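K.L.:
Quick one: the structure is below, questions incoming.
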Amino acid sequence: MSQNLFKRLITSILLLLLLLLVIFSHHYIFILSILILGLIICTEANNLYVKLLGTIYLEKSSLLKKFNNKFLILNIITFLYIFFIFCNISYQIFRYEGSVLFLYIISICFFTDIGGYVFGKIIGGKKLSKISPNKTISGSVGSFILSIIPLIIVSNFNYLDLELNLTNIIFCLLISLISQLGDLFISFIKRKAKIKNTGNLLPGHGGVLDRIDGIIFAVPFSYFLLKLF
């Protein structure tokens, strides 16, 4: 096992334990945790925008004002989205729909990532997009397949009263799709900014935003799906 893979594995286990601790704790702890998470995401996004816009505008000092304006706009949009949409909806699901359901949604995203990584490494093949050269079509298919695992688990153990039926499978696949698109979107920005990771807070993973890039889009989307389904 390579040193980087070992770090990635240890970090993943610690993050999983921390996630379980937060989700099954008092809702005030959840609020504090999600707000801290939001601040970290906004900080990493701020650094990402510096790199992104710096490659575009700061080569010419005459465009410094344009850089400042776009930098401010991007940070405001990110702040509003993270705190008023992602954090707020995360709390709504946790508080009123239940901690187990929130964990279920996160698990779909988690298995989506695992499917993409495992299938991509084992099968490989044609690249999914120029946006992220490491992502393959086989990885995307694997993401969809493994995203159904949380549904299989909860249906077998009678959690959430969810059955293994077409409606719930479609729910998992849609969450997986949004998670993958969110991942590609952040990868696109990083590629434009010419950086690999948004930070180095998580050994083996990079930044927090690198780890939950799909989740910040999938969780709000799941809330609207819940109202539909």
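Naming works like this for the structure tokens: A, B, ... for the chains as they're shown, residue 1 at the start of each chain, ligands 1 onward in shown order.
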Do you know which residues are at most 9 Å from Phe185 of chain A counting only C-alpha atoms, after dropping those on the same chain fewer than 4 positions away, and could you put them as a tab-separated table (two decimals) with N, CA and C atoms, in the first residue's frame?

P.N.:
```tsv
chain	number	residue	atom	x	y	z
A	131	ILE	N	-12.48	17.74	-18.79
A	131	ILE	CA	-12.49	18.56	-17.58
A	131	ILE	C	-11.64	17.92	-16.48
A	180	GLN	N	-21.92	13.53	-9.07
A	180	GLN	CA	-20.88	13.44	-10.10
A	180	GLN	C	-20.73	14.76	-10.86
A	181	LEU	N	-21.86	15.40	-11.16
A	181	LEU	CA	-21.80	16.69	-11.87
A	181	LEU	C	-21.15	17.76	-10.99
A	189	ILE	N	-13.30	24.05	-12.36
A	189	ILE	CA	-12.76	25.30	-11.80
A	189	ILE	C	-11.30	25.12	-11.41
A	190	LYS	N	-10.98	23.98	-10.78
A	190	LYS	CA	-9.59	23.72	-10.38
A	190	LYS	C	-8.67	23.63	-11.59
A	213	ASP	N	-17.12	17.95	-2.74
A	213	ASP	CA	-17.56	18.77	-3.87
A	213	ASP	C	-18.90	18.31	-4.44
A	214	GLY	N	-19.14	17.00	-4.46
A	214	GLY	CA	-20.42	16.51	-4.96
A	214	GLY	C	-21.53	16.65	-3.94
```

K.L.:
Could you give me, as a tab-separated table (two decimals) with N, CA and C atoms, in the first residue's frame, the residues within 7 Å of Pro203 of chain A, counting only C-alpha atoms and dropping anything in the same chain fewer than 2 positions from it?

P.N.:
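Output (out_32.tsv):
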```tsv
chain	number	residue	atom	x	y	z
A	7	LYS	N	-2.63	7.16	3.84
A	7	LYS	CA	-3.12	8.41	4.41
A	7	LYS	C	-4.59	8.63	4.05
A	8	ARG	N	-4.92	8.33	2.81
A	8	ARG	CA	-6.29	8.50	2.32
A	8	ARG	C	-7.26	7.60	3.09
A	11	THR	N	-7.57	8.83	6.81
A	11	THR	CA	-8.37	10.05	6.84
A	11	THR	C	-9.84	9.74	6.62
A	200	ASN	N	-5.09	21.54	1.82
A	200	ASN	CA	-4.31	20.38	2.29
A	200	ASN	C	-4.71	19.97	3.71
A	201	LEU	N	-5.94	20.31	4.08
A	201	LEU	CA	-6.41	20.03	5.44
A	201	LEU	C	-6.58	18.53	5.70
A	205	HIS	N	-6.34	13.49	0.72
A	205	HIS	CA	-7.53	13.94	0.00
A	205	HIS	C	-7.40	15.36	-0.54
A	206	GLY	N	-6.58	16.16	0.11
A	206	GLY	CA	-6.47	17.57	-0.26
A	206	GLY	C	-7.28	18.42	0.70
```

K.L.:
Measuring atom to atom with only C-alpha atoms, identify which of A:Gly38, A:Phe83, A:Leu103, A:Val50 is nearest to Leu19 of chain A.

P.N.:
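Once distances to Leu19 of chain A are computed over only C-alpha atoms, the minimum belongs to A:Leu103.
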
K.L.:
With distances taken over only C-alpha atoms, which residue among A:Cys87, A:Ile41, A:Leu202, A:Leu101 lies nearest Asp161 of chain A?

P.N.:
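Checking each candidate against Asp161 of chain A, we get A:Leu101 as the closest.
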
K.L.:
Go through A:Leu174, A:Leu48, A:Leu184, A:Ile108 and flag the residue nearest Pro150 of chain A, using only C-alpha atoms for the distances.

P.N.:
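Smallest distance to Pro150 of chain A is found for A:Ile108.
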
K.L.:
Extract, using only C-alpha atoms, all DNA, RNA and protein residues at most 12 Å from Leu32 of chain A, discarding same-chain residues fewer than 5 positions from it, and format them as a PyMOL selection string.

P.N.:
chain A and resi 22-23+25-27+37-39+87-88+91

K.L.:
Compare A:Ile77, A:Ser107, A:Val219, A:Gly204 by their minimum atom-to-atom distance to Ile10 of chain A, counting only C-alpha atoms, and give me the closest one.

P.N.:
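Once distances to Ile10 of chain A are computed over only C-alpha atoms, the minimum belongs to A:Gly204.
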
K.L.:
Using Å and a single decimal, report how far atom CA of Ile82 of chain A sits from atom CA of Phe102 of chain A.

P.N.:
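Separating atom CA of Phe102 of chain A from atom CA of Ile82 of chain A is a distance of 17.0 Å.
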